[in-house]
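Chemist: Below is final34.cif; it holds mmCIF, C-alpha atoms.
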data_protein
loop_
_atom_site.label_atom_id
_atom_site.label_comp_id
_atom_site.auth_asym_id
_atom_site.auth_seq_id
_atom_site.Cartn_x
_atom_site.Cartn_y
_atom_site.Cartn_z
CA MET A 390 140.10 141.44 217.09
CA ASP A 391 137.35 142.50 219.38
CA ILE A 392 134.17 141.40 221.02
CA LYS A 393 130.89 143.24 220.76
CA VAL A 394 128.44 142.90 223.60
CA ASN A 395 124.80 143.90 223.35
CA VAL A 396 122.38 143.45 226.22
CA ARG A 397 118.63 143.56 225.67
CA GLU A 398 115.58 142.87 227.76
CA ALA A 399 113.33 140.02 226.77
CA PRO A 400 109.89 138.97 228.02
CA GLY A 401 109.64 137.26 231.39
CA ASP A 402 112.37 138.90 233.48
CA CYS A 403 114.93 137.53 231.09
CA TYR A 404 117.79 139.29 229.37
CA VAL A 405 119.60 138.35 226.21
CA VAL A 406 123.33 139.00 225.87
CA ASP A 407 124.38 139.07 222.22
CA LEU A 408 128.07 138.42 221.69
CA SER A 409 129.85 138.97 218.41
CA GLY A 410 133.51 138.36 217.63
CA GLU A 411 136.21 136.45 219.48
CA ILE A 412 136.25 135.65 223.19
CA ASP A 413 139.75 135.15 224.52
CA VAL A 414 142.01 136.24 227.34
CA TYR A 415 141.99 139.81 226.01
CA THR A 416 138.27 140.22 225.35
CA SER A 417 136.67 138.01 228.00
CA PRO A 418 136.82 140.67 230.76
CA LYS A 419 134.37 142.75 228.72
CA VAL A 420 131.96 139.81 228.59
CA LYS A 421 132.46 139.14 232.28
CA ASP A 422 131.64 142.75 233.13
CA ALA A 423 128.45 142.73 231.05
CA ILE A 424 127.16 139.52 232.61
CA GLY A 425 128.27 140.60 236.08
CA GLU A 426 126.43 143.91 235.82
CA LEU A 427 123.20 142.13 234.92
CA ILE A 428 123.50 139.74 237.84
CA ASP A 429 124.34 142.62 240.18
CA ARG A 430 121.06 144.23 239.07
CA GLY A 431 119.15 141.09 240.03
CA VAL A 432 118.81 139.51 236.60
CA TYR A 433 119.09 135.77 237.11
CA TYR A 434 117.67 134.42 233.84
CA LEU A 435 119.97 134.92 230.91
CA VAL A 436 120.21 133.80 227.32
CA ILE A 437 123.70 134.29 225.94
CA ASN A 438 123.65 134.32 222.18
CA LEU A 439 126.90 132.99 220.72
CA GLU A 440 125.69 132.76 217.12
CA LYS A 441 128.09 135.48 215.98
CA VAL A 442 131.01 134.31 218.07
CA ARG A 443 133.79 132.98 215.85
CA TYR A 444 136.16 131.82 218.57
CA ILE A 445 136.12 131.03 222.27
CA ASP A 446 138.86 129.77 224.57
CA SER A 447 139.02 128.60 228.17
CA THR A 448 138.88 132.13 229.53
CA GLY A 449 135.60 132.66 227.68
CA LEU A 450 134.27 129.36 228.97
CA GLY A 451 135.34 130.42 232.44
CA VAL A 452 133.32 133.61 232.20
CA LEU A 453 130.22 131.68 231.14
CA ILE A 454 130.70 129.13 233.93
CA GLY A 455 131.17 131.95 236.45
CA GLY A 456 127.94 133.60 235.32
CA LEU A 457 126.05 130.33 235.52
CA LYS A 458 127.35 129.70 239.01
CA ARG A 459 126.26 133.11 240.20
CA VAL A 460 122.72 132.96 238.81
CA ARG A 461 122.23 129.45 240.16
CA GLU A 462 122.93 130.77 243.63
CA HIS A 463 119.75 132.77 243.13
CA GLY A 464 117.73 130.01 241.53
CA GLY A 465 118.31 131.32 238.02
CA SER A 466 119.79 129.82 234.91
CA VAL A 467 121.77 130.58 231.77
CA ASN A 468 121.00 129.13 228.37
CA LEU A 469 123.24 129.47 225.35
CA VAL A 470 122.43 129.87 221.68
CA CYS A 471 125.12 128.30 219.55
CA THR A 472 125.15 126.98 216.01
CA ASN A 473 128.86 127.16 215.21
CA PRO A 474 130.08 123.54 215.07
CA GLN A 475 133.61 124.43 216.18
CA ILE A 476 132.34 126.21 219.27
CA LYS A 477 129.87 123.44 219.97
CA LYS A 478 132.79 121.04 219.82
CA ILE A 479 134.59 122.96 222.58
CA PHE A 480 131.53 122.70 224.83
CA ASP A 481 131.27 119.05 223.95
CA ILE A 482 134.85 117.99 224.67
CA THR A 483 134.97 119.96 227.91
CA GLY A 484 131.74 118.38 229.10
CA LEU A 485 130.04 121.75 229.41
CA VAL A 486 127.13 120.52 227.31
CA LYS A 487 126.03 118.82 230.50
CA ILE A 488 125.81 121.97 232.59
CA PHE A 489 124.60 124.51 230.03
CA GLY A 490 121.43 124.38 228.04
CA ILE A 491 122.66 124.87 224.47
CA PHE A 492 120.10 125.62 221.78
CA ASP A 493 120.02 126.37 218.09
CA SER A 494 117.64 129.31 218.37
CA GLU A 495 117.04 132.14 220.77
CA ASP A 496 113.31 131.44 221.01
CA VAL A 497 113.87 127.89 222.14
CA ALA A 498 116.61 128.96 224.54
CA MET A 499 114.31 131.51 226.17
CA LYS A 500 111.40 129.11 226.46
CA ALA A 501 113.69 126.57 228.09
CA LEU A 502 114.85 129.01 230.77
CA VAL A 503 112.06 128.48 233.23
CA MET B 10 148.35 122.44 192.92
CA ASN B 11 149.82 122.27 196.36
CA GLN B 12 152.15 125.23 196.77
CA ALA B 13 153.23 124.21 200.27
CA VAL B 14 155.01 121.02 199.24
CA GLN B 15 157.00 122.72 196.50
CA HIS B 16 159.34 123.93 199.22
CA ALA B 17 161.63 121.59 201.07
CA LEU B 18 160.27 120.65 204.46
CA PRO B 19 160.71 121.30 207.27
CA GLU B 20 160.01 125.00 207.15
CA LEU B 21 160.31 127.06 210.27
CA VAL B 22 158.20 130.03 211.31
CA GLU B 23 159.11 131.95 214.43
CA LEU B 24 157.25 134.70 216.22
CA ARG B 25 158.04 136.56 219.38
CA ILE B 26 155.22 138.40 221.12
CA PRO B 27 155.07 140.40 224.33
CA SER B 28 153.57 138.31 227.15
CA ARG B 29 150.36 140.30 227.15
CA ALA B 30 146.78 139.33 226.40
CA GLU B 31 146.37 141.59 223.38
CA TRP B 32 149.06 139.68 221.47
CA VAL B 33 147.65 136.17 221.87
CA ALA B 34 145.47 136.59 218.79
CA LEU B 35 148.56 137.16 216.66
CA ALA B 36 150.17 133.97 217.95
CA ARG B 37 147.14 131.83 217.22
CA LEU B 38 146.68 133.34 213.78
CA ALA B 39 150.32 132.69 212.93
CA ALA B 40 150.00 129.06 213.98
CA ALA B 41 146.78 128.74 211.99
CA THR B 42 148.47 130.14 208.91
CA VAL B 43 151.23 127.54 209.10
CA ALA B 44 148.66 124.77 209.68
CA ASN B 45 146.77 125.98 206.64
CA ARG B 46 149.94 125.75 204.56
CA LEU B 47 150.15 122.09 205.53
CA HIS B 48 146.58 121.56 204.38
CA PHE B 49 145.08 120.58 207.66
CA SER B 50 141.31 120.54 207.67
CA ILE B 51 139.46 123.60 208.93
CA GLU B 52 138.60 121.75 212.11
CA GLU B 53 142.22 120.76 212.69
CA ILE B 54 143.37 124.33 212.07
CA GLU B 55 140.93 125.50 214.70
CA ASP B 56 142.36 122.88 217.07
CA VAL B 57 145.87 124.25 216.53
CA LYS B 58 144.67 127.82 217.01
CA LEU B 59 143.01 127.01 220.29
CA ALA B 60 145.91 124.94 221.63
CA VAL B 61 148.42 127.70 220.87
CA ALA B 62 146.16 130.32 222.41
CA GLU B 63 145.68 128.22 225.53
CA ALA B 64 149.42 127.80 225.92
CA CYS B 65 150.03 131.55 225.56
CA THR B 66 147.14 132.34 227.89
CA ALA B 67 148.50 129.98 230.52
CA ILE B 68 151.83 131.76 230.43
CA ILE B 69 150.29 135.22 230.62
CA GLN B 70 148.01 134.31 233.51
CA HIS B 71 150.87 132.86 235.53
CA GLU B 72 152.68 135.28 237.77
CA GLY B 73 156.36 135.49 237.07
CA HIS B 74 156.17 134.86 233.36
CA GLY B 75 158.84 136.18 231.07
CA GLU B 76 158.64 139.37 229.09
CA PHE B 77 158.14 137.57 225.79
CA ILE B 78 156.58 134.41 224.43
CA GLN B 79 158.44 132.73 221.60
CA LEU B 80 156.31 130.70 219.19
CA THR B 81 158.06 128.31 216.82
CA CYS B 82 156.06 126.41 214.20
CA GLU B 83 157.84 123.69 212.28
CA ALA B 84 156.07 122.43 209.18
CA LEU B 85 157.04 118.82 208.59
CA SER B 86 155.91 116.49 205.84
CA ASP B 87 153.60 114.60 208.18
CA SER B 88 152.92 116.99 211.02
CA LEU B 89 153.07 120.43 212.55
CA ARG B 90 155.34 120.86 215.56
CA VAL B 91 154.71 123.88 217.73
CA ARG B 92 156.94 125.10 220.51
CA VAL B 93 155.74 127.77 222.91
CA HIS B 94 158.56 129.15 225.00
CA ASP B 95 158.27 131.23 228.13
CA SER B 96 161.53 132.68 229.35
CA GLY B 97 160.18 133.18 232.86
CA ARG B 98 162.01 131.18 235.52
CA HIS B 99 159.14 130.92 237.94
CA GLY B 100 157.87 128.12 240.08
CA MET B 101 160.40 125.58 238.90
CA ARG B 102 161.45 124.13 242.19
CA VAL B 103 162.32 120.76 240.78
CA ALA B 104 165.86 119.70 240.07
CA ASP B 105 167.38 120.34 236.67
CA GLY B 106 165.79 118.22 234.02
CA GLN B 107 163.16 116.75 236.27
CA ARG B 108 159.75 116.67 234.70
CA MET B 109 156.50 117.53 236.34
CA SER B 110 153.03 117.68 234.95
CA PHE B 111 152.33 120.73 232.88
CA ASN B 112 149.25 121.18 234.99
CA GLU B 113 151.34 121.54 238.11
CA ALA B 114 153.91 123.68 236.42
CA ARG B 115 151.82 126.14 234.62
CA ILE B 116 148.16 125.81 234.02
CA ALA B 117 145.17 124.19 235.52
CA GLY B 118 141.74 123.26 234.42
CA LEU B 119 140.22 123.67 231.03
CA GLY B 120 143.21 125.15 229.23
CA VAL B 121 145.54 122.19 229.71
CA PHE B 122 142.70 119.78 229.12
CA LEU B 123 141.98 121.43 225.79
CA ILE B 124 145.63 121.38 224.76
CA ARG B 125 145.94 117.69 225.54
CA THR B 126 142.68 116.87 223.82
CA LEU B 127 143.19 118.87 220.65
CA MET B 128 146.83 118.02 219.93
CA ASP B 129 148.29 114.58 219.20
CA GLU B 130 151.40 114.96 221.36
CA VAL B 131 152.06 117.32 224.24
CA SER B 132 155.21 117.54 226.30
CA TYR B 133 157.30 120.17 227.97
CA ASP B 134 160.82 120.89 228.94
CA VAL B 135 161.75 122.90 231.97
CA HIS B 136 165.02 124.77 231.84
CA PRO B 137 165.68 126.31 235.24
CA GLN B 138 167.84 128.99 233.66
CA PHE B 139 166.09 129.57 230.37
CA GLY B 140 162.41 129.01 231.03
CA THR B 141 159.85 126.47 229.89
CA ASP B 142 159.03 125.00 226.51
CA LEU B 143 155.67 123.48 225.73
CA LEU B 144 155.93 121.21 222.71
CA MET B 145 152.84 120.21 220.76
CA VAL B 146 152.44 118.09 217.65
CA LYS B 147 149.48 117.88 215.32
CA ARG B 148 149.79 115.07 212.82
CA LEU B 149 148.39 115.18 209.34
CA THR B 150 145.81 112.48 208.91
CA GLY B 151 145.70 110.22 205.85
CA SER B 152 143.07 112.29 204.09
CA ASN B 153 145.08 115.51 204.11
CA SER B 154 148.63 114.19 204.09
CA SER B 155 148.19 112.31 200.83
CA GLY B 156 146.43 115.16 199.06
CA SER B 157 149.54 117.24 198.75
#
Here is the file; what I need is its structure written in the form of structure tokens.

Modeler:
Amino acid sequence: MDIKVNVREAPGDCYVVDLSGEIDVYTSPKVKDAIGELIDRGVYYLVINLEKVRYIDSTGLGVLIGGLKRVREHGGSVNLVCTNPQIKKIFDITGLVKIFGIFDSEDVAMKALV
Amino acid sequence: MNQAVQHALPELVELRIPSRAEWVALARLAAATVANRLHFSIEEIEDVKLAVAEACTAIIQHEGHGEFIQLTCEALSDSLRVRVHDSGRHGMRVADGQRMSFNEARIAGLGVFLIRTLMDEVSYDVHPQFGTDLLMVKRLTGSNSSGS
């Protein structure tokens, strides 16, 4: 069990964070570090791609919420790409669909950032 | 043919893991395997996985937890009963047998909310000398309980 994190620059001062694997209490610090490093560098517009994430728990949600909170302090935003119905369900039942922009494709998520 | 029901129920599966983050995946996979044997739907199996993981995570993130987490999965004819036991004797300032909300006792926020939402029954027992048990039940619905 592991999480793979890939960060890439996208047009318009935006970065995409690709996550692949399982986000839980063991792996979420790696995700937190990756997002935190971007924000520390002044990147406040992020798309976090969860298309290859098979599992997420409350610690993973906490990392995403923490990232969103930090970028919003600088007027930024975080959009998510998620097509996995089980993961969408977690965002739905926790009410996080109301605070994150959740999209089916990366293109749409990036366009919706601004 | 349903192999699971050829054995007399209940069947018991027990697992003891160190109270460390790297072992939570094993606990949730074990619970998922038992749920699969009972022919829960994929979505229900994922619910069980997440609830078990949240329970283990709550224990690990709480200071004063025990050295091990004991997971007990009991496969019944109509449900899956899961017990997550933490031997730590922390934070239990209430009198013997007195109940308090699991939220107060152990976890806050999303984790406990998810457990309560995803499982059909959630309760806990506090043993001042022996630790805390979180008990969770996931019932088989009509569609999967009759298909056995």

Chemist: Check every residue of chain A for an atom within 8 Å of chain B, counting all atoms listed in the file, and provide those that qualify as a list in words.

Modeler: Met390, Val414, Tyr415, Asp446, Ser447, Gln475, Ile482 and Thr483 of chain A

Chemist: Give me a file of those residues, with C-alpha atoms, as a PDB file, keeping the file's coordinate frame.

Modeler:
ATOM      1  CA  MET A 390     140.100 141.440 217.090  1.00  0.00           C
ATOM      2  CA  VAL A 414     142.010 136.240 227.340  1.00  0.00           C
ATOM      3  CA  TYR A 415     141.990 139.810 226.010  1.00  0.00           C
ATOM      4  CA  ASP A 446     138.860 129.770 224.570  1.00  0.00           C
ATOM      5  CA  SER A 447     139.020 128.600 228.170  1.00  0.00           C
ATOM      6  CA  GLN A 475     133.610 124.430 216.180  1.00  0.00           C
ATOM      7  CA  ILE A 482     134.850 117.990 224.670  1.00  0.00           C
ATOM      8  CA  THR A 483     134.970 119.960 227.910  1.00  0.00           C
TER       9      THR A 483
END

Chemist: What gap, in Å, lies between CA of Thr416 (chain A) and CA of Ile392 (chain A)?

Modeler: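 If I compute the distance from CA of Thr416 (chain A) to CA of Ile392 (chain A), I get 6.1 Å.
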
Chemist: Of the candidates A:Gly410, A:Arg461, A:Val442, A:Tyr404, which one gets nearest to Glu426 (chain A) if we count all atoms listed in the file?

Modeler: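 Comparing A:Gly410, A:Arg461, A:Val442, A:Tyr404 against Glu426 (chain A), the winner is A:Tyr404.
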
Chemist: Name the residues captured by the PyMOL selection byres ((chain A and resi 498) around 12) when it is applied to the shown file; answer as number ranges by chain.

Modeler: A: 399, 403-405, 434-439, 466-471, 489-497, 499-503

Chemist: List the residues selected by the PyMOL selection byres ((chain B and resi 89) around 7) in the file shown, writing them as a PyMOL selection string.

Modeler: chain B and resi 44+82-85+88+90-91+146-148

Chemist: What is the CA of Ile428 (chain A) to CA of Asn473 (chain A) distance in Å?

Modeler: 26.4 Å

Chemist: Between CA of Lys458 (chain A) and CA of Ile488 (chain A), what distance in Å does the model show, to one decimal?

Modeler: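 So the two atoms, CA of Lys458 (chain A) and CA of Ile488 (chain A), lie 10.2 Å apart.
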
Chemist: With all atoms listed in the file as the basis for distance, which of B:Arg25, B:Val61, B:Ala41, B:Glu76 is at the shortest distance from Ile124 (chain B)?

Modeler: B:Val61

Chemist: Which is closest to Asp413 (chain A) among B:His136, B:Ser50, B:Arg37, B:Thr42, if we use all atoms listed in the file?

Modeler: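 Using all atoms listed in the file, Asp413 (chain A) sits closest to B:Arg37.
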
Chemist: With the PyMOL selection byres ((chain A and resi 423) around 12) as the selection, what would be picked from this file? Answer as a ChimeraX atom specification, please.

Modeler: /A:392-397,404-408,416-422,424-430,432,435,437,452-453,456

Chemist: Would you be able to write out as a short mmCIF file (atom, residue, chain, number, x, y, z; two decimals) with C-alpha atoms, in the coordinates of the input which residues have an atom within 6 Å of (149.4, 117.2, 219.2) in the file's coordinates, counting all atoms listed in the file?

Modeler:
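The resulting file, out30.cif, is reproduced below:
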data_model
loop_
_atom_site.label_atom_id
_atom_site.label_comp_id
_atom_site.auth_asym_id
_atom_site.auth_seq_id
_atom_site.Cartn_x
_atom_site.Cartn_y
_atom_site.Cartn_z
CA MET B 128 146.83 118.02 219.93
CA ASP B 129 148.29 114.58 219.20
CA GLU B 130 151.40 114.96 221.36
CA VAL B 131 152.06 117.32 224.24
CA MET B 145 152.84 120.21 220.76
CA VAL B 146 152.44 118.09 217.65
CA LYS B 147 149.48 117.88 215.32
#

Chemist: Counting only C-alpha atoms, figure out which residue out of B:Ser132, B:Gln79, B:Gln138, B:Ser96 gets nearest to Ala36 (chain B).

Modeler: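 The answer is B:Gln79, which sits nearest to Ala36 (chain B).
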
Chemist: Select, from A:Glu398, A:Gly455, A:Ile479, A:Gly465, the residue with the minimum atom-to-atom distance to Tyr433 (chain A), counting all atoms listed in the file.

Modeler: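 Answer, going by the shortest atom-to-atom distance: A:Gly465.
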
Chemist: Please complete region 25-61 of chain B with N, CA and C atoms and give it back as a compact mmCIF listing (two decimals), keeping the file's coordinate frame.

Modeler:
# COMPACT_ATOMS: atom_id res chain seq x y z
N ARG B 25 157.87 136.19 217.99
CA ARG B 25 158.04 136.56 219.38
C ARG B 25 157.05 137.67 219.71
N ILE B 26 156.23 137.41 220.72
CA ILE B 26 155.22 138.40 221.12
C ILE B 26 155.45 138.80 222.57
N PRO B 27 155.05 140.03 222.91
CA PRO B 27 155.07 140.40 224.33
C PRO B 27 154.10 139.49 225.11
N SER B 28 154.44 139.18 226.33
CA SER B 28 153.57 138.31 227.15
C SER B 28 152.39 139.11 227.69
N ARG B 29 151.55 139.54 226.76
CA ARG B 29 150.36 140.30 227.15
C ARG B 29 149.16 139.80 226.35
N ALA B 30 148.00 139.93 226.96
CA ALA B 30 146.78 139.33 226.40
C ALA B 30 146.48 139.80 224.98
N GLU B 31 146.76 141.06 224.69
CA GLU B 31 146.37 141.59 223.38
C GLU B 31 147.17 140.98 222.23
N TRP B 32 148.24 140.26 222.53
CA TRP B 32 149.06 139.68 221.47
C TRP B 32 148.77 138.20 221.21
N VAL B 33 147.93 137.60 222.03
CA VAL B 33 147.65 136.17 221.87
C VAL B 33 146.99 135.89 220.52
N ALA B 34 146.15 136.79 220.08
CA ALA B 34 145.47 136.59 218.79
C ALA B 34 146.47 136.46 217.65
N LEU B 35 147.54 137.24 217.71
CA LEU B 35 148.56 137.16 216.66
C LEU B 35 149.23 135.79 216.67
N ALA B 36 149.53 135.29 217.85
CA ALA B 36 150.17 133.97 217.95
C ALA B 36 149.27 132.88 217.38
N ARG B 37 148.02 132.90 217.71
CA ARG B 37 147.14 131.83 217.22
C ARG B 37 146.90 131.94 215.72
N LEU B 38 146.86 133.17 215.22
CA LEU B 38 146.68 133.34 213.78
C LEU B 38 147.92 132.89 213.01
N ALA B 39 149.08 133.15 213.58
CA ALA B 39 150.32 132.69 212.93
C ALA B 39 150.36 131.17 212.86
N ALA B 40 150.01 130.53 213.96
CA ALA B 40 150.00 129.06 213.98
C ALA B 40 148.97 128.52 212.99
N ALA B 41 147.82 129.18 212.93
CA ALA B 41 146.78 128.74 211.99
C ALA B 41 147.22 128.88 210.55
N THR B 42 147.98 129.93 210.27
CA THR B 42 148.47 130.14 208.91
C THR B 42 149.42 129.02 208.50
N VAL B 43 150.30 128.63 209.40
CA VAL B 43 151.23 127.54 209.10
C VAL B 43 150.44 126.23 208.93
N ALA B 44 149.48 125.99 209.79
CA ALA B 44 148.66 124.77 209.68
C ALA B 44 147.92 124.74 208.34
N ASN B 45 147.47 125.89 207.93
CA ASN B 45 146.77 125.98 206.64
C ASN B 45 147.69 125.63 205.48
N ARG B 46 148.96 126.06 205.60
CA ARG B 46 149.94 125.75 204.56
C ARG B 46 150.17 124.25 204.44
N LEU B 47 149.97 123.54 205.55
CA LEU B 47 150.15 122.09 205.53
C LEU B 47 148.87 121.36 205.13
N HIS B 48 147.85 122.12 204.83
CA HIS B 48 146.58 121.56 204.38
C HIS B 48 145.87 120.71 205.42
N PHE B 49 145.95 121.16 206.65
CA PHE B 49 145.08 120.58 207.66
C PHE B 49 143.64 120.96 207.32
N SER B 50 142.71 120.19 207.86
CA SER B 50 141.31 120.54 207.67
C SER B 50 140.99 121.79 208.49
N ILE B 51 139.86 122.39 208.18
CA ILE B 51 139.46 123.60 208.93
C ILE B 51 139.33 123.28 210.41
N GLU B 52 138.77 122.14 210.71
CA GLU B 52 138.60 121.75 212.11
C GLU B 52 139.96 121.57 212.80
N GLU B 53 140.89 120.97 212.10
CA GLU B 53 142.22 120.76 212.69
C GLU B 53 142.96 122.10 212.87
N ILE B 54 142.76 123.00 211.93
CA ILE B 54 143.37 124.33 212.07
C ILE B 54 142.82 125.03 213.31
N GLU B 55 141.54 124.90 213.50
CA GLU B 55 140.93 125.50 214.70
C GLU B 55 141.49 124.86 215.97
N ASP B 56 141.74 123.56 215.92
CA ASP B 56 142.36 122.88 217.07
C ASP B 56 143.72 123.48 217.39
N VAL B 57 144.52 123.69 216.35
CA VAL B 57 145.87 124.25 216.53
C VAL B 57 145.77 125.67 217.10
N LYS B 58 144.87 126.45 216.53
CA LYS B 58 144.67 127.82 217.01
C LYS B 58 144.38 127.84 218.50
N LEU B 59 143.44 127.00 218.89
CA LEU B 59 143.01 127.01 220.29
C LEU B 59 144.13 126.52 221.21
N ALA B 60 144.83 125.48 220.78
CA ALA B 60 145.91 124.94 221.63
C ALA B 60 147.01 125.98 221.83
N VAL B 61 147.38 126.67 220.77
CA VAL B 61 148.42 127.70 220.87
C VAL B 61 147.95 128.85 221.77
